[in-house]
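**Student:** Mind looking over this structure? Questions follow.
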Amino acid sequence: MVSTCGETNPEDQETWERDKQWSDGFLPEIKRNLGEHLMGEPPVEEDQERNTDLITLWMSPVRIACRIRKPDAWQYRDDFTIRYSRPRGTKTELTKIIEGYGDYIFYGHADEDGHSLRAWGLGNLGALRIWFSRYLATNNGRVPGFSMPNTDNSSTFRVFKWNDIPEFVVAHSNLPINETAPP
């Protein structure tokens, strides 16, 4: 299931469940896209000796956060956002990432109808953690990105530019990412 952060307040829980149901509708498309990047063709010896035509690139569990932006967010396609704070102090996605949870994030934009992906990016959360820590260390503890409140003021996001963290991007489709940016 597409992971988001639940709340204890009944109204917040209702909103979370509605949003989750919508974003979970993208899971089949997300899985197809991830399969192209998290599976590969093995060396010929694997096929000849071990009956292996495809191989996952890791043997341990790989944890992937998923976030899908609504169609009206297309104008912000060169940004990605991560929930940074909630008024009631609920643990947020950014806190979980910094604590070491999650390996990748699949970040997509819904098309105009809100039923398919218009664009997506796959980010390496380990690379994001390293970049985030270095930024804090070299900028007197200032948190990278900028804050943006959610439209209903239920939370605040940190906004980052894809091109500010080139080592973060593993793969993408239809996003304005400069693949020649220096690391």
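Residues are named by chain letter and number: chains run A, B, ... in the order of the structure tokens, numbers start at 1 in each chain, and ligands are numbered from 1 in the order shown.
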Compile a residue-level contact table for region 60-112 of chain A against region 22-32 of chain A at a cut-off of 8 Å, reporting for every qualifying residue the shortest atom pair and its distance in Å to one decimal, with only C-alpha atoms counted, rows ordered by chain and ascending number, as JSON lines.
**Tutor:**
```
{"residue": "A:Arg67", "atom": "CA", "partner": "A:Ser23", "partner_atom": "CA", "distance": 7.6}
{"residue": "A:Ile68", "atom": "CA", "partner": "A:Ser23", "partner_atom": "CA", "distance": 6.2}
{"residue": "A:Phe106", "atom": "CA", "partner": "A:Ile30", "partner_atom": "CA", "distance": 7.6}
```
**Student:** For the residues in the current selection, export C-alpha atoms as a short mmCIF file (atom, residue, chain, number, x, y, z; two decimals), in the first residue's frame.
**Tutor:**
```cif
data_model
loop_
_atom_site.label_atom_id
_atom_site.label_comp_id
_atom_site.auth_asym_id
_atom_site.auth_seq_id
_atom_site.Cartn_x
_atom_site.Cartn_y
_atom_site.Cartn_z
CA ARG A 67 3.77 9.87 -2.98
CA ILE A 68 1.42 10.93 -5.77
CA PHE A 106 8.54 6.81 -5.75
#
```
**Student:** List the spatial neighbours of Gly100 (chain A) as a list in words - criterion: any atom at most 12 Å away, only C-alpha atoms, same-chain residues fewer than 6 positions off excluded.
**Tutor:** Arg63, Glu93, Leu94, Asn124, Leu125, Gly126, Ala127, Leu128, Arg129, Ile130 and Ser133 of chain A
**Student:** Give the strand (DSSP E or B) residues of region 96-172 of chain A, as assigned by DSSP on the backbone, as a list of chain:residue names.
**Tutor:**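 Going through region 96-172 of chain A, the strand (DSSP E or B) residues come out as A:Tyr104, A:Ile105, A:Phe106, A:Tyr107, A:Gly108, A:His109, A:Ala110, A:Leu117, A:Arg118, A:Ala119, A:Trp120, A:Gly121, A:Leu122, A:Gly123, A:Asn124, A:Phe146, A:Ser147, A:Met148, A:Pro149, A:Thr156, A:Phe157, A:Arg158, A:Val159, A:Phe160, A:Lys161, A:Val169, A:Val170, A:Ala171, A:His172.
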**Student:** So which residues touch region 170-175 of chain A within 12 Å, counting only C-alpha atoms, skipping near sequence neighbours fewer than 4 positions away, as a ChimeraX atom specification?
**Tutor:** /A:30,33-38,74-80,103-111,117-128,161-163,165-166,179
**Student:** Output N, CA and C atoms for every residue in that selection, as a short mmCIF file (atom, residue, chain, number, x, y, z; two decimals), in the first residue's frame.
**Tutor:**
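Wrote it out as selection23.cif, contents follow:
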```
data_model
loop_
_atom_site.label_atom_id
_atom_site.label_comp_id
_atom_site.auth_asym_id
_atom_site.auth_seq_id
_atom_site.Cartn_x
_atom_site.Cartn_y
_atom_site.Cartn_z
N ILE A 30 2.73 1.99 -10.47
CA ILE A 30 3.99 2.18 -9.75
C ILE A 30 4.81 0.90 -9.78
N ASN A 33 6.50 0.37 -13.12
CA ASN A 33 7.66 1.26 -13.28
C ASN A 33 8.83 0.82 -12.41
N LEU A 34 8.56 0.44 -11.19
CA LEU A 34 9.63 0.01 -10.30
C LEU A 34 10.28 -1.28 -10.78
N GLY A 35 9.51 -2.17 -11.35
CA GLY A 35 10.05 -3.42 -11.86
C GLY A 35 11.16 -3.20 -12.87
N GLU A 36 11.03 -2.15 -13.67
CA GLU A 36 12.05 -1.85 -14.67
C GLU A 36 13.37 -1.43 -14.04
N HIS A 37 13.32 -0.91 -12.82
CA HIS A 37 14.52 -0.35 -12.20
C HIS A 37 15.03 -1.15 -11.01
N LEU A 38 14.20 -2.03 -10.47
CA LEU A 38 14.64 -2.81 -9.32
C LEU A 38 14.84 -4.29 -9.68
N TRP A 74 0.98 19.88 -11.18
CA TRP A 74 1.89 19.72 -12.30
C TRP A 74 2.81 20.92 -12.47
N GLN A 75 2.33 22.11 -12.14
CA GLN A 75 3.16 23.31 -12.27
C GLN A 75 4.39 23.26 -11.38
N TYR A 76 4.39 22.36 -10.38
CA TYR A 76 5.52 22.22 -9.46
C TYR A 76 6.35 20.97 -9.76
N ARG A 77 6.36 20.52 -10.99
CA ARG A 77 7.01 19.25 -11.35
C ARG A 77 8.52 19.25 -11.15
N ASP A 78 9.16 20.42 -11.05
CA ASP A 78 10.61 20.42 -10.81
C ASP A 78 10.93 20.35 -9.31
N ASP A 79 9.88 20.27 -8.48
CA ASP A 79 10.02 20.15 -7.03
C ASP A 79 9.55 18.77 -6.59
N PHE A 80 10.02 18.34 -5.44
CA PHE A 80 9.37 17.25 -4.73
C PHE A 80 9.23 17.70 -3.29
N ASP A 103 14.09 2.98 1.83
CA ASP A 103 15.24 2.89 0.93
C ASP A 103 15.07 3.79 -0.30
N TYR A 104 13.86 3.87 -0.81
CA TYR A 104 13.57 4.67 -2.00
C TYR A 104 12.25 5.38 -1.81
N ILE A 105 12.04 6.40 -2.63
CA ILE A 105 10.75 7.05 -2.70
C ILE A 105 10.34 7.12 -4.17
N PHE A 106 9.13 6.68 -4.43
CA PHE A 106 8.54 6.81 -5.75
C PHE A 106 7.64 8.03 -5.67
N TYR A 107 7.92 9.02 -6.51
CA TYR A 107 7.23 10.31 -6.43
C TYR A 107 6.60 10.58 -7.79
N GLY A 108 5.28 10.56 -7.85
CA GLY A 108 4.61 10.71 -9.13
C GLY A 108 3.65 11.88 -9.18
N HIS A 109 3.32 12.26 -10.41
CA HIS A 109 2.30 13.28 -10.67
C HIS A 109 1.16 12.62 -11.43
N ALA A 110 -0.06 12.78 -10.92
CA ALA A 110 -1.22 12.24 -11.61
C ALA A 110 -1.48 13.05 -12.88
N ASP A 111 -2.06 12.37 -13.88
CA ASP A 111 -2.42 13.07 -15.11
C ASP A 111 -3.66 13.93 -14.86
N LEU A 117 -0.38 8.03 -14.19
CA LEU A 117 0.77 8.87 -13.91
C LEU A 117 1.17 9.65 -15.15
N ARG A 118 1.37 10.93 -14.96
CA ARG A 118 1.86 11.80 -16.03
C ARG A 118 3.39 11.81 -16.04
N ALA A 119 3.98 11.73 -14.86
CA ALA A 119 5.43 11.75 -14.70
C ALA A 119 5.75 11.15 -13.34
N TRP A 120 6.99 10.69 -13.21
CA TRP A 120 7.39 10.14 -11.92
C TRP A 120 8.91 10.18 -11.79
N GLY A 121 9.36 10.07 -10.53
CA GLY A 121 10.78 9.97 -10.23
C GLY A 121 10.98 8.94 -9.14
N LEU A 122 12.11 8.27 -9.18
CA LEU A 122 12.48 7.31 -8.15
C LEU A 122 13.73 7.85 -7.47
N GLY A 123 13.63 8.10 -6.18
CA GLY A 123 14.74 8.69 -5.44
C GLY A 123 15.34 7.73 -4.43
N ASN A 124 16.65 7.79 -4.26
CA ASN A 124 17.39 6.98 -3.30
C ASN A 124 17.41 7.74 -1.97
N LEU A 125 16.71 7.21 -0.97
CA LEU A 125 16.61 7.92 0.30
C LEU A 125 17.93 7.93 1.07
N GLY A 126 18.80 6.96 0.84
CA GLY A 126 20.13 6.98 1.45
C GLY A 126 20.91 8.19 0.96
N ALA A 127 20.84 8.45 -0.35
CA ALA A 127 21.52 9.62 -0.91
C ALA A 127 20.90 10.91 -0.39
N LEU A 128 19.58 10.93 -0.22
CA LEU A 128 18.91 12.12 0.33
C LEU A 128 19.37 12.37 1.76
N LYS A 161 14.26 20.80 -4.76
CA LYS A 161 14.37 20.76 -6.22
C LYS A 161 15.07 19.48 -6.63
N TRP A 162 14.51 18.76 -7.59
CA TRP A 162 15.14 17.53 -8.08
C TRP A 162 16.60 17.78 -8.45
N ASN A 163 16.86 18.87 -9.15
CA ASN A 163 18.20 19.13 -9.65
C ASN A 163 19.20 19.57 -8.59
N ILE A 165 19.81 17.77 -6.01
CA ILE A 165 20.33 16.53 -5.43
C ILE A 165 20.46 15.47 -6.53
N PRO A 166 21.37 15.66 -7.48
CA PRO A 166 21.44 14.74 -8.62
C PRO A 166 21.73 13.29 -8.23
N GLU A 179 20.08 15.57 -16.10
CA GLU A 179 20.86 14.36 -15.80
C GLU A 179 22.36 14.58 -15.91
#
```
**Student:** Find the residues near region 152-157 of chain A: any atom within 9 Å, counting only C-alpha atoms, skip ones fewer than 4 places away on the same chain, and give them as a list in words.
**Tutor:**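 So, after excluding close chain neighbours, the residues are Asp12, Thr81, Ile82, Arg83, Tyr84, Ser85, Arg86, Pro87, Leu94, Phe146, Ser147 and Met148 of chain A.
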**Student:** Grab the residues selected above and save them as a PDB file, in the first residue's frame with C-alpha atoms.
**Tutor:**
```pdb
ATOM      1  CA  ASP A  12      -7.720  13.541  10.003  1.00  0.00           C
ATOM      2  CA  THR A  81       7.855  17.708  -1.300  1.00  0.00           C
ATOM      3  CA  ILE A  82       8.146  15.726   1.891  1.00  0.00           C
ATOM      4  CA  ARG A  83       5.879  16.245   4.881  1.00  0.00           C
ATOM      5  CA  TYR A  84       7.919  18.133   7.501  1.00  0.00           C
ATOM      6  CA  SER A  85       5.580  18.937  10.403  1.00  0.00           C
ATOM      7  CA  ARG A  86       2.067  18.481  11.711  1.00  0.00           C
ATOM      8  CA  PRO A  87       0.322  20.709  14.267  1.00  0.00           C
ATOM      9  CA  LEU A  94      10.828  13.569   6.711  1.00  0.00           C
ATOM     10  CA  PHE A 146      11.830  25.720   1.994  1.00  0.00           C
ATOM     11  CA  SER A 147       8.619  25.280   3.975  1.00  0.00           C
ATOM     12  CA  MET A 148       5.190  25.301   2.386  1.00  0.00           C
TER      13      MET A 148
END
```
**Student:** In Å, how far is it from CA of Asp72 (chain A) to CA of Glu112 (chain A)?
**Tutor:**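 CA of Glu112 (chain A) lies at a distance of 7.8 Å from CA of Asp72 (chain A).
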**Student:** Excluding same-chain residues fewer than 5 positions from region 49-54 of chain A, what lies within 7 Å of it counting only C-alpha atoms, as a VMD selection string?
**Tutor:** chain A and resid 39 to 42
**Student:** Apply DSSP to the backbone of this structure and, from chain A, keep only the residues in helix (DSSP H, G or I); write these as a ChimeraX atom specification.
**Tutor:** /A:10-24,27-38,44-50,71-76,93-98,125-138,162-164,166-168
**Student:** How far is it from CA of Ser116 (chain A) to CA of Pro71 (chain A), in Å with one decimal?
**Tutor:**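 CA of Pro71 (chain A) lies at a distance of 9.9 Å from CA of Ser116 (chain A).
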**Student:** Please determine, counting only C-alpha atoms, which residue among A:Pro149, A:Val143, A:Trp131, A:Gly114 has the shortest atom-to-atom distance to Arg69 (chain A).
**Tutor:**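 For Arg69 (chain A), the nearest of the given residues is A:Gly114.
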**Student:** Of the candidates A:Ile177, A:Phe132, A:Lys20, A:Asp113, which one gets nearest to Ile97 (chain A) if we count only C-alpha atoms?
**Tutor:**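 Counting only C-alpha atoms, the residue closest to Ile97 (chain A) is A:Phe132.
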**Student:** Give me, please, the distance in Å between CA of Arg18 (chain A) and CA of Val62 (chain A), quoted to one decimal.
**Tutor:**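 So the two atoms, CA of Arg18 (chain A) and CA of Val62 (chain A), lie 26.2 Å apart.
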